[in-house]
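As provided, my_file-v3.txt (compact mmCIF, C-alpha atoms) reads as follows.
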# COMPACT_ATOMS: atom_id res chain seq x y z
CA MET A 49 2.43 2.11 34.21
CA GLU A 50 2.09 0.51 30.79
CA LYS A 51 0.84 2.93 28.17
CA ARG A 52 -2.57 2.28 26.66
CA LEU A 53 -2.59 1.56 22.93
CA ALA A 54 -4.33 4.11 20.72
CA LEU A 55 -6.95 1.70 19.36
CA GLN A 56 -7.10 -0.72 22.26
CA GLY A 57 -10.59 -2.18 22.54
CA ILE A 58 -11.52 -1.66 18.87
CA LYS A 59 -12.52 -4.95 17.22
CA VAL A 60 -12.25 -5.57 13.47
CA ALA A 61 -13.56 -8.42 11.29
CA ASP A 62 -11.22 -8.26 8.29
CA PHE A 63 -12.62 -10.07 5.24
CA ALA A 64 -10.46 -8.02 2.87
CA TRP A 65 -7.75 -9.52 0.72
CA VAL A 66 -4.87 -8.66 -1.61
CA ALA A 67 -3.68 -5.14 -0.69
CA VAL A 68 -5.97 -2.13 -0.15
CA GLY A 69 -8.22 -3.62 2.54
CA PRO A 70 -5.50 -5.54 4.41
CA ILE A 71 -3.16 -2.53 4.45
CA THR A 72 -6.01 -0.38 5.81
CA THR A 73 -6.73 -2.76 8.67
CA LYS A 74 -3.01 -3.27 9.30
CA TYR A 75 -2.84 0.37 10.43
CA LEU A 76 -5.55 -0.40 12.97
CA ALA A 77 -3.88 -3.62 14.14
CA ASP A 78 -0.44 -2.04 14.51
CA HIS A 79 -1.95 0.52 16.88
CA GLY A 80 -3.82 -1.84 19.16
CA ALA A 81 -7.08 -2.87 17.49
CA THR A 82 -7.96 -6.57 17.62
CA VAL A 83 -8.08 -7.46 13.93
CA ILE A 84 -9.12 -10.95 12.82
CA HIS A 85 -8.07 -11.66 9.23
CA ILE A 86 -10.52 -14.18 7.77
CA GLU A 87 -9.23 -16.46 5.01
CA SER A 88 -9.69 -19.94 3.59
CA HIS A 89 -7.34 -22.74 2.56
CA THR A 90 -9.81 -23.60 -0.22
CA ARG A 91 -9.23 -20.31 -2.03
CA ILE A 92 -5.80 -18.97 -1.19
CA GLU A 93 -5.51 -15.22 -0.56
CA THR A 94 -3.82 -13.75 -3.65
CA LEU A 95 -0.96 -12.07 -1.80
CA ARG A 96 0.02 -15.39 -0.19
CA THR A 97 0.96 -16.58 -3.67
CA ALA A 98 3.00 -13.46 -4.48
CA SER A 99 6.77 -13.21 -4.29
CA PRO A 100 9.18 -12.58 -2.71
CA PHE A 101 9.14 -15.84 -0.77
CA LYS A 102 11.41 -16.55 2.18
CA ASP A 103 14.51 -18.40 0.91
CA ASP A 104 12.88 -18.35 -2.56
CA ILE A 105 10.68 -21.28 -1.51
CA PRO A 106 7.03 -20.66 -2.51
CA GLY A 107 4.37 -21.41 0.08
CA VAL A 108 1.16 -19.97 1.47
CA ASP A 109 2.99 -18.97 4.66
CA ARG A 110 6.23 -17.82 3.03
CA SER A 111 5.24 -14.66 1.17
CA GLY A 112 7.00 -11.53 2.39
CA PHE A 113 4.48 -9.48 0.43
CA PHE A 114 1.54 -10.89 2.40
CA ALA A 115 3.38 -10.73 5.72
CA ASN A 116 4.44 -7.11 5.41
CA TYR A 117 0.86 -5.93 4.88
CA ASN A 118 -0.86 -8.07 7.48
CA SER A 119 1.21 -7.51 10.59
CA SER A 120 -0.30 -7.57 14.08
CA LYS A 121 -3.44 -9.51 13.05
CA TYR A 122 -5.02 -12.76 14.17
CA GLY A 123 -5.31 -15.36 11.40
CA LEU A 124 -8.55 -17.35 11.06
CA SER A 125 -9.46 -19.98 8.47
CA LEU A 126 -13.14 -20.21 7.55
CA ASN A 127 -15.02 -21.47 4.47
CA LEU A 128 -17.58 -18.80 3.58
CA ASP A 129 -19.00 -20.89 0.75
CA LYS A 130 -20.76 -23.09 3.31
CA PRO A 131 -23.84 -21.92 5.27
CA LYS A 132 -22.32 -22.71 8.65
CA GLY A 133 -19.23 -20.76 7.67
CA ARG A 134 -21.39 -17.73 6.97
CA GLU A 135 -23.14 -18.19 10.32
CA ILE A 136 -19.77 -18.01 12.05
CA ALA A 137 -18.80 -14.99 9.96
CA LEU A 138 -21.97 -13.28 11.12
CA LYS A 139 -21.04 -13.99 14.74
CA LEU A 140 -17.70 -12.32 14.13
CA ILE A 141 -19.46 -9.33 12.63
CA MET A 142 -21.73 -9.10 15.67
CA TRP A 143 -18.58 -9.10 17.83
CA ALA A 144 -16.83 -6.45 15.75
CA ASP A 145 -16.93 -2.65 15.72
CA VAL A 146 -15.58 -2.50 12.16
CA VAL A 147 -15.99 -4.78 9.13
CA ALA A 148 -13.68 -4.49 6.13
CA GLU A 149 -14.13 -6.21 2.78
CA SER A 150 -12.58 -5.67 -0.65
CA PHE A 151 -14.45 -8.01 -2.98
CA SER A 152 -16.52 -6.95 -5.97
CA PRO A 153 -19.98 -5.89 -4.73
CA LYS A 154 -21.67 -9.22 -5.46
CA ALA A 155 -19.58 -11.38 -3.08
CA MET A 156 -20.76 -10.18 0.33
CA ARG A 157 -24.31 -9.82 -1.01
CA ARG A 158 -24.26 -13.44 -2.19
CA TRP A 159 -23.22 -14.55 1.29
CA GLY A 160 -25.79 -12.33 3.01
CA LEU A 161 -22.98 -10.46 4.76
CA ASP A 162 -23.32 -7.12 2.95
CA TYR A 163 -23.92 -3.87 4.80
CA GLU A 164 -27.67 -3.79 4.12
CA SER A 165 -28.11 -7.25 5.65
CA VAL A 166 -25.71 -6.76 8.55
CA SER A 167 -26.90 -3.28 9.58
CA LYS A 168 -30.41 -4.60 10.23
CA MET A 169 -28.96 -6.79 12.99
CA LYS A 170 -26.19 -4.42 14.11
CA PRO A 171 -27.14 -0.81 13.29
CA ASP A 172 -23.98 0.67 14.80
CA ILE A 173 -21.57 -1.34 12.63
CA ILE A 174 -18.88 0.56 10.72
CA TYR A 175 -18.56 -1.23 7.40
CA LEU A 176 -15.81 -0.50 4.86
CA SER A 177 -16.34 -1.72 1.30
CA THR A 178 -13.35 -0.98 -0.90
CA CYS A 179 -13.33 -2.12 -4.51
CA GLN A 180 -12.32 -0.91 -7.96
CA GLN A 181 -15.21 1.43 -8.79
CA GLY A 182 -17.56 1.49 -5.81
CA GLN A 183 -20.70 -0.40 -4.85
CA SER A 184 -23.05 1.08 -7.48
CA GLY A 185 -23.09 2.26 -11.07
CA PRO A 186 -22.63 0.69 -14.52
CA HIS A 187 -19.02 -0.36 -13.81
CA ALA A 188 -19.42 -1.42 -10.19
CA MET A 189 -19.07 -5.10 -10.99
CA PHE A 190 -15.75 -4.69 -12.82
CA PRO A 191 -13.21 -6.70 -10.80
CA GLY A 192 -9.50 -5.96 -10.88
CA TYR A 193 -6.27 -5.06 -9.15
CA GLY A 194 -4.50 -1.77 -8.54
CA GLN A 195 -2.79 -1.86 -11.93
CA LEU A 196 -6.21 -1.64 -13.57
CA ALA A 197 -7.43 1.13 -11.27
CA THR A 198 -4.26 3.09 -12.08
CA ALA A 199 -4.90 2.65 -15.80
CA VAL A 200 -8.54 3.71 -15.54
CA ALA A 201 -7.56 6.78 -13.49
CA GLY A 202 -5.15 7.94 -16.21
CA GLY A 203 -1.90 6.96 -14.54
CA TYR A 204 -0.68 4.78 -17.39
CA HIS A 205 -1.36 7.46 -19.99
CA LEU A 206 0.81 9.95 -18.08
CA SER A 207 3.67 7.63 -17.14
CA GLY A 208 6.52 7.17 -19.61
CA TRP A 209 8.18 9.05 -22.46
CA PRO A 210 6.46 11.02 -25.22
CA ASP A 211 7.94 8.94 -28.05
CA ARG A 212 7.02 5.55 -26.52
CA GLY A 213 4.04 3.66 -25.18
CA PRO A 214 2.96 3.93 -21.57
CA ALA A 215 5.51 2.84 -18.95
CA PRO A 216 3.30 2.28 -15.90
CA PRO A 217 4.63 2.83 -12.38
CA GLN A 218 6.04 -0.22 -10.64
CA GLY A 219 3.39 -2.25 -8.83
CA ALA A 220 -0.26 -1.51 -8.20
CA TYR A 221 0.08 2.22 -7.56
CA THR A 222 -3.45 2.80 -6.27
CA ASP A 223 -3.13 -0.04 -3.75
CA PHE A 224 -0.83 2.18 -1.73
CA ILE A 225 -2.91 5.35 -2.02
CA ASN A 226 -6.29 4.02 -0.97
CA PRO A 227 -5.43 2.64 2.49
CA ARG A 228 -4.54 6.14 3.73
CA PHE A 229 -8.02 7.32 2.79
CA GLY A 230 -9.64 4.17 4.16
CA VAL A 231 -8.07 4.25 7.62
CA THR A 232 -8.70 8.00 7.99
CA THR A 233 -12.36 7.51 7.12
CA ILE A 234 -12.68 4.60 9.55
CA MET A 235 -11.25 6.78 12.32
CA ALA A 236 -13.76 9.51 11.45
CA ALA A 237 -16.57 6.93 11.49
CA LEU A 238 -15.48 5.67 14.92
CA ASP A 239 -15.65 9.23 16.21
CA TYR A 240 -19.05 9.69 14.55
CA ARG A 241 -20.35 6.56 16.25
CA ARG A 242 -18.93 7.68 19.59
CA ARG A 243 -20.88 10.92 19.31
CA THR A 244 -24.11 9.62 17.78
CA GLY A 245 -24.25 5.88 18.43
CA LYS A 246 -24.80 5.33 14.70
CA GLY A 247 -22.94 3.11 12.25
CA VAL A 248 -22.08 3.90 8.66
CA HIS A 249 -21.29 2.25 5.34
CA LEU A 250 -18.02 3.50 3.84
CA ASP A 251 -18.17 2.93 0.08
CA GLN A 252 -14.66 3.46 -1.31
CA SER A 253 -14.10 3.58 -5.06
CA GLN A 254 -10.37 3.02 -5.54
CA PHE A 255 -10.63 4.58 -9.00
CA GLU A 256 -12.13 7.81 -7.62
CA THR A 257 -9.65 8.01 -4.77
CA ALA A 258 -6.78 7.81 -7.26
CA LEU A 259 -8.18 10.71 -9.28
CA HIS A 260 -7.16 13.12 -6.50
CA PHE A 261 -3.55 12.52 -7.49
CA PHE A 262 -4.17 13.47 -11.11
CA ALA A 263 -5.72 16.85 -10.34
CA PRO A 264 -3.43 18.98 -12.59
CA PRO A 265 -4.20 17.16 -15.88
CA ILE A 266 -7.88 16.93 -14.96
CA MET A 267 -8.06 20.66 -14.19
CA ASP A 268 -6.09 21.50 -17.33
CA TYR A 269 -8.58 19.64 -19.46
CA SER A 270 -11.61 21.12 -17.67
CA VAL A 271 -10.29 24.67 -18.15
CA ASN A 272 -8.29 24.48 -21.40
CA LYS A 273 -9.53 21.27 -23.07
CA ARG A 274 -5.85 20.26 -23.20
CA ILE A 275 -4.88 16.60 -22.74
CA MET A 276 -1.64 16.16 -20.84
CA ASN A 277 0.70 13.56 -22.31
CA ARG A 278 3.73 11.56 -21.20
CA ASN A 279 6.85 13.64 -20.66
CA GLY A 280 9.39 11.31 -19.06
CA ASN A 281 10.88 12.78 -15.88
CA ARG A 282 10.30 16.37 -16.90
CA VAL A 283 7.95 18.87 -15.30
CA PRO A 284 6.81 22.31 -16.54
CA ASP A 285 8.51 24.34 -13.79
CA ALA A 286 12.03 22.89 -13.45
CA ALA A 287 15.13 22.21 -15.57
CA PRO A 288 17.29 20.28 -15.22
CA HIS A 289 14.84 17.81 -13.72
CA GLY A 290 15.42 14.08 -13.88
CA ALA A 291 17.31 11.03 -12.69
CA TYR A 292 20.89 11.16 -13.94
CA PRO A 293 23.39 8.28 -14.27
CA CYS A 294 26.23 8.16 -11.76
CA LYS A 295 29.46 6.24 -11.29
CA GLY A 296 28.90 2.54 -10.62
CA GLU A 297 26.50 -0.10 -11.86
CA ASP A 298 22.94 1.19 -12.24
CA ARG A 299 23.49 4.12 -9.87
CA TRP A 300 21.42 7.28 -10.29
CA CYS A 301 20.73 10.59 -8.62
CA ALA A 302 17.57 12.67 -8.99
CA ILE A 303 18.13 16.43 -9.34
CA ALA A 304 15.53 19.21 -9.57
CA VAL A 305 16.47 22.83 -10.38
CA SER A 306 13.36 25.01 -10.09
CA ASN A 307 14.62 28.58 -10.47
CA ASP A 308 17.59 30.68 -11.58
CA GLU A 309 18.98 30.96 -8.04
CA GLU A 310 19.20 27.18 -7.81
CA TRP A 311 20.67 27.11 -11.31
CA GLN A 312 23.53 29.40 -10.23
CA ALA A 313 24.15 27.19 -7.21
CA PHE A 314 24.10 24.12 -9.49
CA CYS A 315 26.66 25.70 -11.82
CA HIS A 316 28.91 26.43 -8.84
CA VAL A 317 28.65 22.85 -7.55
CA ILE A 318 29.73 21.33 -10.86
CA GLY A 319 32.71 23.71 -11.12
CA GLU A 320 31.37 26.41 -13.44
CA ALA A 321 31.73 24.18 -16.50
CA GLU A 322 32.03 26.13 -19.73
CA TRP A 323 28.64 25.03 -20.99
CA THR A 324 26.86 26.47 -17.93
CA ALA A 325 27.52 29.97 -19.32
CA ASP A 326 25.71 29.15 -22.57
CA PRO A 327 22.82 31.63 -23.11
CA ARG A 328 20.55 28.66 -23.92
CA PHE A 329 20.61 27.79 -20.23
CA ALA A 330 20.62 31.26 -18.65
CA HIS A 331 16.99 31.22 -17.50
CA LEU A 332 14.31 28.61 -16.84
CA PRO A 333 12.24 29.19 -20.03
CA VAL A 334 15.23 28.69 -22.32
CA ARG A 335 16.49 25.75 -20.26
CA LYS A 336 13.11 24.15 -20.85
CA GLU A 337 13.40 24.81 -24.59
CA ASN A 338 16.85 23.15 -24.64
CA ALA A 339 16.12 20.39 -22.13
CA ASP A 340 17.41 17.57 -24.36
CA GLU A 341 20.87 19.10 -24.67
CA LEU A 342 20.89 20.16 -21.01
CA ASP A 343 20.12 16.65 -19.80
CA LYS A 344 23.00 15.23 -21.87
CA LEU A 345 25.44 17.75 -20.40
CA VAL A 346 24.27 17.17 -16.82
CA ALA A 347 24.56 13.40 -17.32
CA GLY A 348 28.08 13.90 -18.67
CA TRP A 349 29.03 15.39 -15.30
CA THR A 350 27.07 13.07 -12.98
CA ILE A 351 28.44 9.89 -14.59
CA ASN A 352 31.87 10.72 -13.17
CA HIS A 353 30.68 11.03 -9.56
CA GLU A 354 29.18 8.80 -6.91
CA ALA A 355 25.43 9.25 -6.42
CA GLU A 356 25.88 9.82 -2.68
CA GLN A 357 28.52 12.50 -3.34
CA ILE A 358 26.21 14.32 -5.77
CA GLU A 359 23.34 14.18 -3.30
CA LYS A 360 25.44 15.79 -0.57
CA LEU A 361 26.96 18.45 -2.80
CA MET A 362 23.60 19.47 -4.21
CA GLN A 363 21.76 19.45 -0.90
CA ASP A 364 24.52 21.44 0.80
CA ALA A 365 24.02 24.06 -1.94
CA GLY A 366 20.25 24.14 -1.43
CA ILE A 367 19.39 22.12 -4.53
CA PRO A 368 16.84 19.29 -4.19
CA ALA A 369 18.64 16.03 -4.96
CA SER A 370 18.51 12.42 -3.81
CA VAL A 371 20.11 9.09 -4.55
CA VAL A 372 17.73 6.77 -6.40
CA GLU A 373 17.79 4.11 -3.69
CA ASN A 374 17.46 0.39 -4.32
CA SER A 375 16.42 -2.17 -1.71
CA ARG A 376 19.91 -2.47 -0.23
CA ASP A 377 20.19 1.33 0.01
CA LEU A 378 16.93 1.48 1.94
CA PHE A 379 18.13 -1.00 4.55
CA GLU A 380 21.34 1.00 4.93
CA ASP A 381 19.65 4.41 4.91
CA THR A 382 20.80 6.33 8.01
CA GLN A 383 17.49 8.18 8.43
CA LEU A 384 15.44 4.98 8.31
CA LYS A 385 17.85 3.39 10.78
CA HIS A 386 17.49 6.34 13.11
CA ARG A 387 13.70 6.05 12.93
CA GLY A 388 13.81 2.29 13.44
CA HIS A 389 11.70 1.88 10.33
CA PHE A 390 12.56 -1.72 9.47
CA ARG A 391 11.66 -4.20 12.19
CA TRP A 392 12.69 -7.83 12.45
CA LEU A 393 9.74 -9.84 13.70
CA GLU A 394 9.42 -13.58 14.38
CA HIS A 395 7.02 -15.27 11.96
CA LYS A 396 5.69 -18.73 12.79
CA VAL A 397 6.96 -20.28 9.53
CA MET A 398 9.52 -17.85 8.10
CA GLY A 399 11.27 -16.98 11.33
CA GLN A 400 12.93 -13.57 11.56
CA CYS A 401 11.73 -11.33 8.72
CA ALA A 402 11.93 -7.61 8.01
CA TYR A 403 8.72 -5.56 8.15
CA ASP A 404 8.00 -1.94 7.37
CA GLY A 405 7.23 -0.28 10.68
CA PRO A 406 4.41 2.27 11.03
CA SER A 407 5.10 5.33 8.90
CA PHE A 408 3.99 7.64 11.70
CA ARG A 409 4.65 7.68 15.44
CA LEU A 410 2.14 8.65 18.11
CA SER A 411 3.72 10.53 21.02
CA LYS A 412 1.48 9.23 23.81
CA THR A 413 0.50 5.77 22.57
CA PRO A 414 3.14 3.41 21.15
CA ASP A 415 2.38 0.90 18.42
CA CYS A 416 2.30 -2.84 19.05
CA GLN A 417 3.46 -4.32 15.74
CA SER A 418 3.89 -8.08 15.63
CA ALA A 419 4.47 -10.62 12.85
CA ALA A 420 1.72 -11.51 10.38
CA PRO A 421 -0.22 -14.72 10.98
CA ALA A 422 0.20 -18.01 9.21
CA LEU A 423 -3.03 -19.14 7.55
CA GLY A 424 -5.38 -20.24 10.35
CA GLN A 425 -2.70 -19.71 13.01
CA HIS A 426 -5.12 -18.36 15.63
CA ASN A 427 -8.07 -20.64 14.99
CA GLU A 428 -8.08 -22.06 18.51
CA TYR A 429 -7.97 -18.64 20.16
CA VAL A 430 -10.66 -17.07 17.99
CA TYR A 431 -13.07 -20.00 17.95
CA GLN A 432 -12.76 -20.72 21.67
CA GLU A 433 -11.94 -17.42 23.38
CA ILE A 434 -13.78 -14.94 21.15
CA LEU A 435 -16.66 -16.99 19.76
CA GLY A 436 -16.99 -19.30 22.77
CA LEU A 437 -17.20 -22.57 20.84
CA SER A 438 -16.61 -25.86 22.62
CA ASP A 439 -14.05 -28.47 21.60
CA ASN A 440 -16.85 -30.67 20.23
CA GLU A 441 -18.29 -27.82 18.16
CA ILE A 442 -14.86 -27.02 16.74
CA ALA A 443 -14.28 -30.70 15.91
CA GLU A 444 -17.57 -30.85 14.00
CA LEU A 445 -16.66 -27.73 12.04
CA LEU A 446 -13.33 -29.28 11.10
CA ILE A 447 -14.99 -32.51 9.96
CA GLU A 448 -17.51 -30.57 7.85
CA GLY A 449 -14.79 -28.43 6.26
CA ILE A 450 -16.11 -25.19 7.76
CA ILE A 451 -12.79 -24.59 9.46
CA THR A 452 -10.32 -25.16 6.65
CA THR A 453 -6.92 -26.80 7.08
CA GLU A 454 -3.79 -27.55 5.06
CA ASP A 455 -5.58 -30.56 3.60
CA ASP A 456 -7.94 -28.19 1.78
CA ILE A 457 -5.18 -26.32 -0.07
CA PRO A 458 -5.54 -26.65 -3.87
CA GLY A 459 -3.08 -29.00 -5.52
CA GLU A 460 -0.91 -26.33 -7.14
CA PHE A 461 -0.10 -24.86 -3.71
CA HIS A 462 -0.29 -27.96 -1.56
CA ALA A 463 3.27 -29.08 -2.20
CA HIS A 464 4.58 -25.80 -0.84
CA ALA A 465 2.33 -25.46 2.21
Translate this structure into structure tokens?
Amino acid sequence: MEKRLALQGIKVADFAWVAVGPITTKYLADHGATVIHIESHTRIETLRTASPFKDDIPGVDRSGFFANYNSSKYGLSLNLDKPKGREIALKLIMWADVVAESFSPKAMRRWGLDYESVSKMKPDIIYLSTCQQGQSGPHAMFPGYGQLATAVAGGYHLSGWPDRGPAPPQGAYTDFINPRFGVTTIMAALDYRRRTGKGVHLDQSQFETALHFFAPPIMDYSVNKRIMNRNGNRVPDAAPHGAYPCKGEDRWCAIAVSNDEEWQAFCHVIGEAEWTADPRFAHLPVRKENADELDKLVAGWTINHEAEQIEKLMQDAGIPASVVENSRDLFEDTQLKHRGHFRWLEHKVMGQCAYDGPSFRLSKTPDCQSAAPALGQHNEYVYQEILGLSDNEIAELLIEGIITTEDDIPGEFHAHA
């Protein structure tokens, strides 16, 4: 007998765009929820314009970035700037169990599709609003991306070296934190509705969510009035601690020695080099005091060895260490291969493309991951089978520009559609 999917029967109207909202609903879609991703050709979803593009050819249906974070969804094109478009959106909301949106607070209110308006017609709706700084307050209307949320949360101040300006983490760091909170809260809300029959508005401030990951500097300031500053790859309770250069072009290995027992094991691994007996490195406090010199000496050893060799030697000795993997390394990683992490799925336009598989496995209910939709790919199915519109009604909506098409793509993207 075919196994039932974990979220089979759950219906989601996904108005979210860019990263946080779509990644949140992707979790639901990958595990069986029917998720309809609502977009428009008139205003292209930001991630569809983001590289990398398949074969380095830009196009609204060729972004690997968009595809990876919208797997398993149905793609619908709909112009929400027109009254009839908003009427159709409302029908989708009435069909759905969950609504997700990630605009600044004014957008859904302007369209009359905000939680306050919707909940009057559908009191049991579960409605996720995820934006930079929440739905209320003096900064609620500040728009932005994850890079800005990371900066506001203090991430840029802490990332980099003490003698240089901030070196922010690659990408929009908070975009990949918030979805874990969002999907967990949606699951809790579904359980709450199952028990009570009541809906709920989930107001997620991406800024506040990110603050959880900066607890140590926040606590240090609250207790000691001390402001933590940038300190490169170093931490207070380990030395050596960093990413060290290895043999080969741009090859590195991260090593973390947290106590004197690990230090003795480290010294043994590198062959009891003369400098390891130096009193300046005998114990953690003095290793911290002489970290600059220690890092130079460690790098002098690592540069003569392969990163993979160092990783194995250190791990076999009980010392935390790992190759700093690049994209090629990840695809060749034996653990990821064993887990079947990367999946090759057939996209309508791009053909076979690699996707990140679900980062967790459910023992009794398998996932159902499929390729992301092209823009408007499932219009016929959604408008006819889910909304019950006739061919004539659909034709009228096309003529009026309610259902958008490739002809509505702005000029700068049209050539690549």
Region 185-202 of chain A surroundings by all atoms listed in the file, 10 Å radius, close-in-sequence under 4 positions cut, as a PyMOL selection string
chain A and resi 66-68+151-154+179-181+206-207+214+216-226+253-262+265-266
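Excluding Met235 (chain A) itself and same-chain residues fewer than 5 positions from it, the residues having an atom within 12 Å of it are Ala54, Leu55, Ile58, Thr72, Thr73, Tyr75, Leu76, Ala81, Asp145, Val146, Ile174, Tyr175, Leu176, Arg228, Phe229, Gly230, Tyr240, Arg241, Arg242, Val248 and Leu250 of chain A, counting all atoms listed in the file.
Between CA of Met362 (chain A) and CA of Val317 (chain A) lies a distance of 6.9 Å.
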Q: Within 8 Å of region 273-290 of chain A, counting all atoms listed in the file, which residues show up once you throw out same-chain ones fewer than 2 positions away? Write them as a VMD selection string, please.
A: chain A and resid 205 to 210 214 265 268 to 271 292 302 to 307 332 335 to 336 339 342 to 343 346
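In this model, the gap between CA of Lys246 (chain A) and CA of Arg158 (chain A) comes to 25.3 Å.
Of the listed residues A:Thr244, A:Thr94, A:Ser99, A:Asn118, the one whose atoms come nearest to Ala422 (chain A) is A:Asn118, with distances taken using all atoms listed in the file.
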Just give me the residues with any atom within 12 Å of (-28.3, -4.1, 6.8), file coordinates, counting all atoms listed in the file, written as an MDAnalysis selection string.
-> chainID A and resid 138 141 156:157 160:175 247:249
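Distances to Tyr122 (chain A) were evaluated for A:Leu345, A:Ala420, A:Leu437, A:Ala64 using all atoms listed in the file, and the minimum falls at A:Ala420.
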